[in-house]
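Here's start_10.pdb, which has PDB, C-alpha atoms and all ligand atoms:
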ATOM      1  CA  MET N 814      14.419 -23.175   6.550  1.00  0.00           C
ATOM      2  CA  HIS N 815      17.876 -23.545   5.102  1.00  0.00           C
ATOM      3  CA  GLU N 816      16.770 -23.680   1.456  1.00  0.00           C
ATOM      4  CA  LEU N 817      14.884 -20.372   1.575  1.00  0.00           C
ATOM      5  CA  SER N 818      17.850 -18.374   2.816  1.00  0.00           C
ATOM      6  CA  LEU N 819      20.004 -20.209   0.292  1.00  0.00           C
ATOM      7  CA  ALA N 820      17.606 -19.337  -2.540  1.00  0.00           C
ATOM      8  CA  GLN N 821      17.512 -15.687  -1.425  1.00  0.00           C
ATOM      9  CA  THR N 822      21.298 -15.511  -1.355  1.00  0.00           C
ATOM     10  CA  VAL N 823      21.492 -17.101  -4.806  1.00  0.00           C
ATOM     11  CA  VAL N 824      18.996 -14.583  -6.229  1.00  0.00           C
ATOM     12  CA  GLU N 825      20.975 -11.710  -4.656  1.00  0.00           C
ATOM     13  CA  ILE N 826      24.229 -12.961  -6.158  1.00  0.00           C
ATOM     14  CA  ALA N 827      22.551 -13.323  -9.559  1.00  0.00           C
ATOM     15  CA  GLU N 828      21.019  -9.839  -9.359  1.00  0.00           C
ATOM     16  CA  GLU N 829      24.385  -8.304  -8.520  1.00  0.00           C
ATOM     17  CA  ALA N 830      25.924 -10.108 -11.480  1.00  0.00           C
ATOM     18  CA  ALA N 831      23.089  -8.940 -13.753  1.00  0.00           C
ATOM     19  CA  LYS N 832      23.445  -5.333 -12.599  1.00  0.00           C
ATOM     20  CA  ARG N 833      27.186  -5.417 -13.197  1.00  0.00           C
ATOM     21  CA  GLU N 834      26.468  -6.571 -16.760  1.00  0.00           C
ATOM     22  CA  GLY N 835      23.774  -3.934 -17.187  1.00  0.00           C
ATOM     23  CA  ALA N 836      21.322  -6.741 -17.945  1.00  0.00           C
ATOM     24  CA  GLU N 837      17.565  -6.344 -17.837  1.00  0.00           C
ATOM     25  CA  ARG N 838      16.700  -9.780 -16.593  1.00  0.00           C
ATOM     26  CA  ILE N 839      18.103 -13.096 -15.540  1.00  0.00           C
ATOM     27  CA  GLU N 840      17.413 -16.085 -17.792  1.00  0.00           C
ATOM     28  CA  ALA N 841      18.969 -18.828 -15.751  1.00  0.00           C
ATOM     29  CA  ILE N 842      20.944 -19.458 -12.615  1.00  0.00           C
ATOM     30  CA  ALA N 843      23.107 -22.549 -12.399  1.00  0.00           C
ATOM     31  CA  LEU N 844      24.096 -23.985  -9.054  1.00  0.00           C
ATOM     32  CA  ARG N 845      26.477 -26.685  -7.974  1.00  0.00           C
ATOM     33  CA  VAL N 846      25.244 -28.477  -4.900  1.00  0.00           C
ATOM     34  CA  GLY N 847      27.314 -31.169  -3.244  1.00  0.00           C
ATOM     35  CA  ALA N 848      25.791 -34.175  -1.507  1.00  0.00           C
ATOM     36  CA  LEU N 849      27.031 -32.893   1.856  1.00  0.00           C
ATOM     37  CA  ALA N 850      25.550 -29.434   1.426  1.00  0.00           C
ATOM     38  CA  GLY N 851      22.365 -30.640   3.110  1.00  0.00           C
ATOM     39  CA  VAL N 852      20.082 -29.231   0.439  1.00  0.00           C
ATOM     40  CA  VAL N 853      16.760 -30.939  -0.298  1.00  0.00           C
ATOM     41  CA  PRO N 854      16.195 -30.572  -4.079  1.00  0.00           C
ATOM     42  CA  GLU N 855      12.397 -30.146  -3.916  1.00  0.00           C
ATOM     43  CA  ALA N 856      12.690 -27.635  -1.086  1.00  0.00           C
ATOM     44  CA  LEU N 857      15.282 -25.663  -3.026  1.00  0.00           C
ATOM     45  CA  GLU N 858      13.106 -25.564  -6.184  1.00  0.00           C
ATOM     46  CA  PHE N 859      10.168 -24.338  -4.125  1.00  0.00           C
ATOM     47  CA  ALA N 860      12.252 -21.772  -2.241  1.00  0.00           C
ATOM     48  CA  PHE N 861      13.626 -20.449  -5.513  1.00  0.00           C
ATOM     49  CA  GLU N 862      10.095 -19.877  -6.863  1.00  0.00           C
ATOM     50  CA  VAL N 863       9.394 -17.782  -3.763  1.00  0.00           C
ATOM     51  CA  ALA N 864      12.727 -15.950  -3.617  1.00  0.00           C
ATOM     52  CA  LYS N 865      12.779 -14.865  -7.276  1.00  0.00           C
ATOM     53  CA  ARG N 866       9.431 -13.044  -7.203  1.00  0.00           C
ATOM     54  CA  GLY N 867       9.726  -9.346  -7.951  1.00  0.00           C
ATOM     55  CA  THR N 868      13.422  -9.605  -8.748  1.00  0.00           C
ATOM     56  CA  LEU N 869      15.345  -9.563 -12.021  1.00  0.00           C
ATOM     57  CA  ALA N 870      15.180 -13.356 -11.799  1.00  0.00           C
ATOM     58  CA  ASP N 871      11.373 -13.376 -11.887  1.00  0.00           C
ATOM     59  CA  ASN N 872      11.284 -15.669 -14.942  1.00  0.00           C
ATOM     60  CA  ALA N 873      14.614 -17.347 -14.471  1.00  0.00           C
ATOM     61  CA  ARG N 874      15.206 -21.090 -14.576  1.00  0.00           C
ATOM     62  CA  LEU N 875      17.152 -22.751 -11.826  1.00  0.00           C
ATOM     63  CA  GLU N 876      19.592 -25.338 -13.074  1.00  0.00           C
ATOM     64  CA  VAL N 877      21.012 -27.413 -10.282  1.00  0.00           C
ATOM     65  CA  ARG N 878      23.830 -29.860 -10.711  1.00  0.00           C
ATOM     66  CA  TYR N 879      23.950 -32.225  -7.778  1.00  0.00           C
ATOM     67  CA  LEU N 880      27.426 -33.567  -7.120  1.00  0.00           C
ATOM     68  CA  PRO N 881      27.882 -36.901  -5.374  1.00  0.00           C
ATOM     69  CA  LEU N 882      30.242 -37.323  -2.474  1.00  0.00           C
ATOM     70  CA  VAL N 883      33.694 -38.358  -3.625  1.00  0.00           C
ATOM     71  CA  CYS N 884      36.391 -39.435  -1.191  1.00  0.00           C
ATOM     72  CA  TYR N 885      40.022 -40.325  -1.616  1.00  0.00           C
ATOM     73  CA  CYS N 886      41.606 -43.468  -0.267  1.00  0.00           C
ATOM     74  CA  ALA N 887      45.233 -42.843   0.664  1.00  0.00           C
ATOM     75  CA  ARG N 888      45.978 -46.558   0.804  1.00  0.00           C
ATOM     76  CA  CYS N 889      44.793 -47.255  -2.773  1.00  0.00           C
ATOM     77  CA  GLY N 890      45.524 -43.809  -4.127  1.00  0.00           C
ATOM     78  CA  LEU N 891      42.062 -43.812  -5.669  1.00  0.00           C
ATOM     79  CA  GLU N 892      39.034 -41.573  -5.544  1.00  0.00           C
ATOM     80  CA  PHE N 893      35.688 -43.255  -5.085  1.00  0.00           C
ATOM     81  CA  GLU N 894      32.081 -42.142  -5.107  1.00  0.00           C
ATOM     82  CA  VAL N 895      29.921 -42.658  -2.034  1.00  0.00           C
ATOM     83  CA  GLU N 896      26.383 -43.369  -3.202  1.00  0.00           C
ATOM     84  CA  ASP N 897      24.568 -42.947   0.073  1.00  0.00           C
ATOM     85  CA  ASP N 898      25.232 -39.526   1.638  1.00  0.00           C
ATOM     86  CA  HIS N 899      24.646 -40.906   5.083  1.00  0.00           C
ATOM     87  CA  ALA N 900      26.961 -43.860   4.747  1.00  0.00           C
ATOM     88  CA  VAL N 901      30.480 -43.786   6.093  1.00  0.00           C
ATOM     89  CA  ALA N 902      33.023 -43.345   3.337  1.00  0.00           C
ATOM     90  CA  LEU N 903      34.503 -46.805   3.019  1.00  0.00           C
ATOM     91  CA  CYS N 904      36.891 -47.443   0.177  1.00  0.00           C
ATOM     92  CA  PRO N 905      35.220 -50.023  -2.118  1.00  0.00           C
ATOM     93  CA  PHE N 906      38.618 -51.506  -2.935  1.00  0.00           C
ATOM     94  CA  CYS N 907      40.202 -52.026   0.480  1.00  0.00           C
ATOM     95  CA  ASP N 908      37.473 -51.080   3.019  1.00  0.00           C
ATOM     96  CA  GLU N 909      39.646 -48.379   4.532  1.00  0.00           C
ATOM     97  CA  LEU N 910      37.679 -45.547   6.124  1.00  0.00           C
ATOM     98  CA  SER N 911      38.344 -42.259   4.373  1.00  0.00           C
ATOM     99  CA  ASP N 912      37.772 -38.741   5.634  1.00  0.00           C
ATOM    100  CA  ASP N 913      39.528 -37.122   2.712  1.00  0.00           C
ATOM    101  CA  ILE N 914      36.625 -35.506   0.893  1.00  0.00           C
ATOM    102  CA  ARG N 915      37.336 -34.470  -2.678  1.00  0.00           C
ATOM    103  CA  GLN N 916      33.828 -33.525  -3.766  1.00  0.00           C
ATOM    104  CA  GLY N 917      30.434 -33.102  -2.169  1.00  0.00           C
ATOM    105  CA  GLN N 918      30.765 -29.923  -0.098  1.00  0.00           C
ATOM    106  CA  GLU N 919      30.077 -27.530  -2.979  1.00  0.00           C
ATOM    107  CA  LEU N 920      27.351 -24.969  -2.656  1.00  0.00           C
ATOM    108  CA  ASP N 921      27.913 -22.247  -5.177  1.00  0.00           C
ATOM    109  CA  VAL N 922      26.628 -20.392  -8.191  1.00  0.00           C
ATOM    110  CA  ALA N 923      28.236 -21.887 -11.306  1.00  0.00           C
ATOM    111  CA  TYR N 924      26.994 -19.208 -13.680  1.00  0.00           C
ATOM    112  CA  VAL N 925      24.250 -16.665 -14.261  1.00  0.00           C
ATOM    113  CA  GLU N 926      22.674 -16.208 -17.680  1.00  0.00           C
ATOM    114  CA  VAL N 927      21.406 -12.693 -18.313  1.00  0.00           C
ATOM    115  CA  VAL N 928      19.700 -10.781 -21.096  1.00  0.00           C
TER
HETATM  116 ZN    ZN M1001      41.352 -48.136  -0.565  1.00  0.00          ZN
END

Could you render the structure as structure tokens?
Amino acid sequence: MHELSLAQTVVEIAEEAAKREGAERIEAIALRVGALAGVVPEALEFAFEVAKRGTLADNARLEVRYLPLVCYCARCGLEFEVEDDHAVALCPFCDELSDDIRQGQELDVAYVEVV
């Protein structure tokens, strides 16, 4: 399960950050997850509840910002949002197919809030 190993990695990153700060516990962990990251929100929430047990993040909130897929059309010189992750990235202005992805592949920890 992809989300469980992701959640474990996120908790590890947060714990390292907390230890560096000399913090006692982690209040919140914020993630940025792009549409192409292949993360199922409900599965991630559940995995986080499991992964945080017995760690400094035991009572931490998970704040996830899901970022839509954004592509760039070279013909129009415009960026456009692709609403359906599974759709091909067709420019809504000129119907040109774009493979120039500007957003949507993110999968990282935005910040960790510690006490
Ligand atoms: Zn275009």

key: Which residue of N:Glu862, N:Glu876, N:Glu855, N:Asp908 approaches Cys889 (chain N) most closely, using all atoms listed in the file   =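 The shortest atom-to-atom distance to Cys889 (chain N) comes from N:Asp908.
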
key: Contacts to ligand ZN 1001 (chain M) at 10 Å cut-off (only C-alpha atoms and all ligand atoms) as a PyMOL selection string   = chain N and resi 885-893+903-911

request  = Rank nothing, just name the residue among N:Val846, N:Ala831, N:Ala856, N:Ile914 nearest to Tyr879 (chain N), using only C-alpha atoms.
outcome  = N:Val846

query = Between N:Glu894, N:Glu816, N:Glu834, N:Glu858, which one has atoms that come closest to Val925 (chain N), using all atoms listed in the file?
reply =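 The shortest atom-to-atom distance to Val925 (chain N) comes from N:Glu834.
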
Surrounding residues of Val922 (chain N) excluding itself and chain neighbours under 3 positions, 8 Å, all atoms listed in the file, as number ranges by chain = N: 823, 842-845, 925

query = Evaluating the PyMOL selection byres (((chain N and resi 825) around 12) and not hetatm) on the displayed file yields which residues, as a list in words?
reply = Ser818, Leu819, Ala820, Gln821, Thr822, Val823, Val824, Ile826, Ala827, Glu828, Glu829, Ala830, Ala831, Lys832, Ile839, Ile842, Phe861, Ala864, Lys865, Arg866, Gly867, Thr868, Leu869, Ala870, Val922 and Val925 of chain N

Residue subset to file, keeping C-alpha atoms, as a compact mmCIF listing (two decimals), in the coordinates of the input:
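Result went into again_25.txt, see below:
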# COMPACT_ATOMS: atom_id res chain seq x y z
CA SER N 818 17.85 -18.37 2.82
CA LEU N 819 20.00 -20.21 0.29
CA ALA N 820 17.61 -19.34 -2.54
CA GLN N 821 17.51 -15.69 -1.42
CA THR N 822 21.30 -15.51 -1.36
CA VAL N 823 21.49 -17.10 -4.81
CA VAL N 824 19.00 -14.58 -6.23
CA ILE N 826 24.23 -12.96 -6.16
CA ALA N 827 22.55 -13.32 -9.56
CA GLU N 828 21.02 -9.84 -9.36
CA GLU N 829 24.38 -8.30 -8.52
CA ALA N 830 25.92 -10.11 -11.48
CA ALA N 831 23.09 -8.94 -13.75
CA LYS N 832 23.44 -5.33 -12.60
CA ILE N 839 18.10 -13.10 -15.54
CA ILE N 842 20.94 -19.46 -12.62
CA PHE N 861 13.63 -20.45 -5.51
CA ALA N 864 12.73 -15.95 -3.62
CA LYS N 865 12.78 -14.86 -7.28
CA ARG N 866 9.43 -13.04 -7.20
CA GLY N 867 9.73 -9.35 -7.95
CA THR N 868 13.42 -9.60 -8.75
CA LEU N 869 15.34 -9.56 -12.02
CA ALA N 870 15.18 -13.36 -11.80
CA VAL N 922 26.63 -20.39 -8.19
CA VAL N 925 24.25 -16.66 -14.26

Could region 856-888 of chain N be completed with N, CA and C atoms and written as a PDB file, keeping the file's coordinate frame, please?
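The resulting result-v7.pdb:
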ATOM      1  N   ALA N 856      12.802 -28.820  -1.939  1.00  0.00           N
ATOM      2  CA  ALA N 856      12.690 -27.635  -1.086  1.00  0.00           C
ATOM      3  C   ALA N 856      13.411 -26.454  -1.724  1.00  0.00           C
ATOM      4  N   LEU N 857      14.526 -26.728  -2.372  1.00  0.00           N
ATOM      5  CA  LEU N 857      15.282 -25.663  -3.026  1.00  0.00           C
ATOM      6  C   LEU N 857      14.496 -25.104  -4.213  1.00  0.00           C
ATOM      7  N   GLU N 858      13.910 -25.990  -5.031  1.00  0.00           N
ATOM      8  CA  GLU N 858      13.106 -25.564  -6.184  1.00  0.00           C
ATOM      9  C   GLU N 858      11.964 -24.656  -5.712  1.00  0.00           C
ATOM     10  N   PHE N 859      11.294 -25.096  -4.656  1.00  0.00           N
ATOM     11  CA  PHE N 859      10.168 -24.338  -4.125  1.00  0.00           C
ATOM     12  C   PHE N 859      10.635 -22.986  -3.585  1.00  0.00           C
ATOM     13  N   ALA N 860      11.726 -23.002  -2.832  1.00  0.00           N
ATOM     14  CA  ALA N 860      12.252 -21.772  -2.241  1.00  0.00           C
ATOM     15  C   ALA N 860      12.671 -20.780  -3.327  1.00  0.00           C
ATOM     16  N   PHE N 861      13.198 -21.319  -4.423  1.00  0.00           N
ATOM     17  CA  PHE N 861      13.626 -20.449  -5.513  1.00  0.00           C
ATOM     18  C   PHE N 861      12.425 -19.733  -6.133  1.00  0.00           C
ATOM     19  N   GLU N 862      11.315 -20.474  -6.304  1.00  0.00           N
ATOM     20  CA  GLU N 862      10.095 -19.877  -6.863  1.00  0.00           C
ATOM     21  C   GLU N 862       9.636 -18.701  -5.995  1.00  0.00           C
ATOM     22  N   VAL N 863       9.794 -18.835  -4.690  1.00  0.00           N
ATOM     23  CA  VAL N 863       9.394 -17.782  -3.763  1.00  0.00           C
ATOM     24  C   VAL N 863      10.395 -16.629  -3.806  1.00  0.00           C
ATOM     25  N   ALA N 864      11.682 -16.969  -3.749  1.00  0.00           N
ATOM     26  CA  ALA N 864      12.727 -15.950  -3.617  1.00  0.00           C
ATOM     27  C   ALA N 864      12.871 -15.074  -4.863  1.00  0.00           C
ATOM     28  N   LYS N 865      12.538 -15.620  -6.032  1.00  0.00           N
ATOM     29  CA  LYS N 865      12.779 -14.865  -7.276  1.00  0.00           C
ATOM     30  C   LYS N 865      11.692 -13.840  -7.586  1.00  0.00           C
ATOM     31  N   ARG N 866      10.550 -13.951  -6.923  1.00  0.00           N
ATOM     32  CA  ARG N 866       9.431 -13.044  -7.203  1.00  0.00           C
ATOM     33  C   ARG N 866       9.811 -11.581  -7.026  1.00  0.00           C
ATOM     34  N   GLY N 867       9.480 -10.777  -8.037  1.00  0.00           N
ATOM     35  CA  GLY N 867       9.726  -9.346  -7.951  1.00  0.00           C
ATOM     36  C   GLY N 867      11.183  -8.963  -8.120  1.00  0.00           C
ATOM     37  N   THR N 868      12.013  -9.915  -8.518  1.00  0.00           N
ATOM     38  CA  THR N 868      13.422  -9.605  -8.748  1.00  0.00           C
ATOM     39  C   THR N 868      13.713  -9.698 -10.250  1.00  0.00           C
ATOM     40  N   LEU N 869      14.941  -9.430 -10.612  1.00  0.00           N
ATOM     41  CA  LEU N 869      15.345  -9.563 -12.021  1.00  0.00           C
ATOM     42  C   LEU N 869      15.281 -11.024 -12.461  1.00  0.00           C
ATOM     43  N   ALA N 870      15.200 -11.918 -11.504  1.00  0.00           N
ATOM     44  CA  ALA N 870      15.180 -13.356 -11.799  1.00  0.00           C
ATOM     45  C   ALA N 870      13.749 -13.909 -11.824  1.00  0.00           C
ATOM     46  N   ASP N 871      12.786 -12.997 -11.916  1.00  0.00           N
ATOM     47  CA  ASP N 871      11.373 -13.376 -11.887  1.00  0.00           C
ATOM     48  C   ASP N 871      11.019 -14.567 -12.792  1.00  0.00           C
ATOM     49  N   ASN N 872      11.598 -14.585 -14.002  1.00  0.00           N
ATOM     50  CA  ASN N 872      11.284 -15.669 -14.942  1.00  0.00           C
ATOM     51  C   ASN N 872      12.445 -16.630 -15.151  1.00  0.00           C
ATOM     52  N   ALA N 873      13.397 -16.548 -14.278  1.00  0.00           N
ATOM     53  CA  ALA N 873      14.614 -17.347 -14.471  1.00  0.00           C
ATOM     54  C   ALA N 873      14.405 -18.826 -14.145  1.00  0.00           C
ATOM     55  N   ARG N 874      15.174 -19.654 -14.869  1.00  0.00           N
ATOM     56  CA  ARG N 874      15.206 -21.090 -14.576  1.00  0.00           C
ATOM     57  C   ARG N 874      16.310 -21.332 -13.558  1.00  0.00           C
ATOM     58  N   LEU N 875      16.100 -22.342 -12.752  1.00  0.00           N
ATOM     59  CA  LEU N 875      17.152 -22.751 -11.826  1.00  0.00           C
ATOM     60  C   LEU N 875      17.690 -24.082 -12.327  1.00  0.00           C
ATOM     61  N   GLU N 876      18.976 -24.094 -12.613  1.00  0.00           N
ATOM     62  CA  GLU N 876      19.592 -25.338 -13.074  1.00  0.00           C
ATOM     63  C   GLU N 876      20.542 -25.821 -11.997  1.00  0.00           C
ATOM     64  N   VAL N 877      20.197 -26.923 -11.394  1.00  0.00           N
ATOM     65  CA  VAL N 877      21.012 -27.413 -10.282  1.00  0.00           C
ATOM     66  C   VAL N 877      21.749 -28.679 -10.685  1.00  0.00           C
ATOM     67  N   ARG N 878      23.032 -28.660 -10.483  1.00  0.00           N
ATOM     68  CA  ARG N 878      23.830 -29.860 -10.711  1.00  0.00           C
ATOM     69  C   ARG N 878      24.194 -30.426  -9.342  1.00  0.00           C
ATOM     70  N   TYR N 879      23.653 -31.594  -9.059  1.00  0.00           N
ATOM     71  CA  TYR N 879      23.950 -32.225  -7.778  1.00  0.00           C
ATOM     72  C   TYR N 879      25.199 -33.090  -7.916  1.00  0.00           C
ATOM     73  N   LEU N 880      26.161 -32.848  -7.048  1.00  0.00           N
ATOM     74  CA  LEU N 880      27.426 -33.567  -7.120  1.00  0.00           C
ATOM     75  C   LEU N 880      27.508 -34.616  -6.023  1.00  0.00           C
ATOM     76  N   PRO N 881      27.774 -35.851  -6.390  1.00  0.00           N
ATOM     77  CA  PRO N 881      27.882 -36.901  -5.374  1.00  0.00           C
ATOM     78  C   PRO N 881      29.126 -36.715  -4.505  1.00  0.00           C
ATOM     79  N   LEU N 882      29.092 -37.355  -3.374  1.00  0.00           N
ATOM     80  CA  LEU N 882      30.242 -37.323  -2.474  1.00  0.00           C
ATOM     81  C   LEU N 882      31.361 -38.194  -3.058  1.00  0.00           C
ATOM     82  N   VAL N 883      32.535 -37.608  -3.146  1.00  0.00           N
ATOM     83  CA  VAL N 883      33.694 -38.358  -3.625  1.00  0.00           C
ATOM     84  C   VAL N 883      34.799 -38.266  -2.571  1.00  0.00           C
ATOM     85  N   CYS N 884      35.310 -39.397  -2.171  1.00  0.00           N
ATOM     86  CA  CYS N 884      36.391 -39.435  -1.191  1.00  0.00           C
ATOM     87  C   CYS N 884      37.642 -40.047  -1.815  1.00  0.00           C
ATOM     88  N   TYR N 885      38.746 -39.828  -1.124  1.00  0.00           N
ATOM     89  CA  TYR N 885      40.022 -40.325  -1.616  1.00  0.00           C
ATOM     90  C   TYR N 885      40.584 -41.324  -0.618  1.00  0.00           C
ATOM     91  N   CYS N 886      40.992 -42.471  -1.133  1.00  0.00           N
ATOM     92  CA  CYS N 886      41.606 -43.468  -0.267  1.00  0.00           C
ATOM     93  C   CYS N 886      43.123 -43.364  -0.410  1.00  0.00           C
ATOM     94  N   ALA N 887      43.779 -43.027   0.697  1.00  0.00           N
ATOM     95  CA  ALA N 887      45.233 -42.843   0.664  1.00  0.00           C
ATOM     96  C   ALA N 887      45.950 -44.177   0.446  1.00  0.00           C
ATOM     97  N   ARG N 888      45.330 -45.253   0.929  1.00  0.00           N
ATOM     98  CA  ARG N 888      45.978 -46.558   0.804  1.00  0.00           C
ATOM     99  C   ARG N 888      46.011 -47.012  -0.659  1.00  0.00           C
TER     100      ARG N 888
END
